[in-house]
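Report on one structure; see the data block that follows.
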Amino acid sequence: MKTFTLLLSLTVFTTCAHAQNTAPEILEKPWAAQWITTPDHSATAYGVYLFRKTLELPAVPDQYTVHVSADNRYQLFVNGQMVSFGPARGDLNHWNFETVDLKPYLRRGKNILAARVWNEAEWRPEVQITAMTGFILQGNTAVEEPVNTGASWKCIKDDSYAPLKLSVPFYYVSGPGEIRDFSRHPRGWEGTDFDDSAWPAARTLFRGLPKDVLGPFGTTNVWMLRPSGIPPIELKPERIPRATASGLSLPAGFPEKKQDVIVPAHTSVNILLDQTYLTNAYPVLEFSKGKEARIAMGYAEALYSEGYRKGNRNETEGKRLIGRTDSLISAGSERQVFSPLSYRTYRYLELRITTAAEPLVLKDIYSIFTGYPFRMNAGFRSDSPELNTILDIGWRTARLCATETYMDCPYYEQLQYIGDARIQALVSLYNSGDDRLVKNALNYMDYSRQPEGVTLSRHPSYTPQYIPTFSLWYIGMLHDYLRYGPDPEFIRGKLEGVYAILNYFEKYQGADGSLLRVPQWRFTDWVNDKDWNAGEGPMGRDGTSAMLDLQLLWAYQTAVQLEGDLGINRYSEKYKGQAAKLKATILKKYWDAGQGLFADREEKDLFSQHTNALAILTGAADQQKIPGMADHLLNNKALSQASIYFKYYLHRALIRAGRGNDYSALLDKWRENISMGLTTWAEMSDVDGSRSDCHAWGASPNIEFYRTLLGIDSDAPGFSKVKITPHLGDLKSATGHIPHPKGRVAVSYQLVNGRWEVEIDLPEGVSGSLVWKEETRPLKAGKNRWVMK
């Protein structure tokens, strides 16, 4: 029980620890500490390894700061207490280390530093890039030098661990379950009383090297170390409120309250626990006795009916759990504690227990929520309670899709895709104002750029995947940060990547500017209509596509805006010319005057919301065409329909077309999710059959409630000017605020006796404008008040 009871204090401590100063030589010179690994086993095979170091202190110093990292992952203990875990995920050229002040955990006399390090090898999650098993700990100054990793550290393999493969008929790359045989675990290994005299010395590899520091023989070794750019991950206890069982009577209040549950000898029971909402968490199971009892712990976002249909997520009758599973074998001792090495994603947790000759006592089971430590710093209130429910679900979705990186989904992939992350980043900025994970995402997307110029679709990821259109969305994401983020100069350093991406696409443009046979996965959206193929929109016989041309057009336009906002004129004229040519081609090739729509391809036989939304957003459609196109987007069901993901762009187009007051009426897909018992937004529009129940690309209402309904938008780089254009629709009362780089922006709209009482509060030093029924009024810093029709 010690490990996770003490883990609860970790977040508060490490937040302080990361504020400690790092000695300059830590980033500028080779480390004295050596990477160490297992002495007796393959460094590239699956394994969990335990490291120990004894430290004698005549007195506890005022500060004892260390820098720590590992491959794949580590947990660091001091005198039995966990004080850090990581490293934050990266790639070999950008390998993160954490910085921790150990002083609060040290004592005079004997101290034990211990680390659990694991390498999941071929079983590892797709997001986990690796070289080999390794661990490193470097003291910040000469004071901490005695704990530098080297031959004085000891190491053994923990043979109680083995991987448990998950086989499901979906794309799943989040890692294995665990098989744990507690009879083989060296209990108490992290504490001061454990006898490690028989442990061998760890095997040394080579000195640690900070990124950009040259190593011996002109090398960089393997891991190019750099400090993690994100704060410590949040950990928070959660009790599980509901449980049902077959083959056993559960005591009243279990598991919401800690109490013993005795499973008799020679018995098989199933216990289904319901967290009541989806969570990312470390489940913690404490149990005693029950020698050789078998416990399977299965995790699922929802239960399944036949044909992998989920139905209402609150319903369990006649359904079964299919998902990642951990398998435990009891040693028969007191107070055995299981918690997996990596978090699990679940609403439902199933215990399948089979005892042998001795009863098993379940002492407790609960969850430790984990995620990036976002704080909700925005607020919204209206006369429509439903809107607040949508916001709450969207925020939970966004939080579960953010840990050390953004993720498309926490259960199945855990991968940072550009298309998803663009929406997630804006949710972060509008709801929290914390831009650190946004910057981290933009950095890794830039790191993934290939020699040809295009980025990978996702990074970190050990299998290269190319979605060229996501490189175009990356340019849009850079502009989003430039306008809404607090550090516009950060984007200046990314412009070379923009130029490289556009150079890549230029190679595939024909004489008229249209893209021809762009290679790899040309994903736009998940649609199952005619001639859509695995997310790719319909292609013409000549290999061209309106969707691809429009996305490239938007990228050219955005690149011009980036240079203009940053006061640069390097390629703007070229890009303006490219955009003008492509815009004329799009109008000539794809506009169908009879339909009043842009077609998906030159044959003019297929039409979609996607193509026409992009035509509005890029200005390919002139003002005369837009009203009719908007009517089609709202009412024409013969168009290929946007999924919950691409509705972000559909809604932006309708707002551009003057239909912003319809926004709250456009949320039927989100209402369907709620009616089917989801507590996060499903990946697919087919809510019943959606693989993932948690995809933050569906959290766009957490942007638009503030940007569209309340009307709060940026009107200059760094949000230095504010433009307020509310679209209240049928609302009679709406108030809210968002974080701003200089404070917060707050608005209030109240319909009283047929007139609107409007109040807008801007931070000091920030000005802007209010657009109210096509009339523009200036805004000053501080409070601005009007009564208007």
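Ligands are numbered from 1 in the order shown, chains are lettered A, B, ... in the order of the structure tokens, and residues start at 1 in each chain.
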
Report as a Markdown table: every residue of stretch 226-326 of chain A with an atom at most 10 Å from stretch 354-359 of chain A, its closest pair of atoms, and their distance in Å to one decimal, counting only C-alpha atoms, with rows sorted by chain and ascending residue number.
```
| residue | atom | partner | partner_atom | distance |
| --- | --- | --- | --- | --- |
| A:Ile262 | CA | A:Pro359 | CA | 6.7 |
| A:Val263 | CA | A:Pro359 | CA | 5.6 |
| A:Pro264 | CA | A:Pro359 | CA | 4.4 |
| A:Ala265 | CA | A:Pro359 | CA | 4.4 |
| A:His266 | CA | A:Ala356 | CA | 5.0 |
| A:Thr267 | CA | A:Thr355 | CA | 5.4 |
| A:Ser268 | CA | A:Thr354 | CA | 4.3 |
| A:Val269 | CA | A:Thr354 | CA | 6.6 |
| A:Asn270 | CA | A:Thr354 | CA | 9.0 |
| A:Ser288 | CA | A:Pro359 | CA | 9.0 |
| A:Lys289 | CA | A:Pro359 | CA | 6.8 |
| A:Gly290 | CA | A:Glu358 | CA | 4.7 |
| A:Lys291 | CA | A:Glu358 | CA | 6.0 |
| A:Glu292 | CA | A:Ala356 | CA | 6.1 |
| A:Ala293 | CA | A:Thr355 | CA | 4.2 |
| A:Arg294 | CA | A:Thr354 | CA | 5.2 |
| A:Ile295 | CA | A:Thr354 | CA | 6.6 |
| A:Ala296 | CA | A:Thr354 | CA | 8.9 |
```

Item checked: Long-range neighbours of stretch 632-637 of chain A as an MDAnalysis selection string, 8 Å cut-off, only C-alpha atoms, 5 positions minimum in chain -> chainID A and resid 609 612:613 654

Margin query: What's around stretch 690-693 of chain A at 12 Å? Count only C-alpha atoms, leave out sequence neighbours fewer than 2 positions away in its own chain, and write the answer as number ranges by chain.
Written below: A: 168-172, 277-279, 300-304, 307-313, 322-323, 345-347, 393, 396-397, 400-401, 408-414, 526, 643-644, 673-674, 676-688, 695-698

Check: Could you write out, as a PyMOL selection string, all the residues of stretch 537-680 of chain A that DSSP marks as helix (DSSP H, G or I)?
Finding: chain A and resi 546-565+572-590+609-618+626-635+647-656+660-666+668-675

Check: Residues at most 8 Å from stretch 437-449 of chain A, counting only C-alpha atoms, excluding those fewer than 5 positions away in the same chain, as a VMD selection string?
Finding: chain A and resid 90 229 to 230 404 to 406 416 418 421 425 428 454 to 456 458 to 460 474 478 494 497

Checklist line | Residue among A:Ser608, A:Asn569, A:Thr469, A:Gln259 lying closest to A:Leu553, counting only C-alpha atoms | finding: A:Thr469

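Nearest residue to A:Tyr645, choosing from A:Ser457, A:Asn753, A:Gln557, A:Gln424 and counting only C-alpha atoms: A:Gln424.
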
Checklist line | Selection: 7 Å around stretch 71-79 of chain A, only C-alpha atoms, excl. self and same-chain fewer than 2 positions, as a VMD selection string | finding: chain A and resid 81 to 87 105 111 to 119 130 132 to 135 190 to 192

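Atom CA of A:Asp101 lies 10.0 Å from atom CA of A:Gly139.
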
Checklist line | Residue neighbourhood A:Ala23, 12 Å, only C-alpha atoms, exclusion window fewer than 6 positions, as a ChimeraX atom specification | finding: /A:29,31,65-67,99,138-144,227

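From atom CA of A:Arg203 back to atom CA of A:Pro125, the distance works out to 26.1 Å.
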
Next item on the list: Work out how far atom CA of A:Gly628 is from atom CA of A:Gln595, in Å to one decimal.
Entry: 9.7 Å
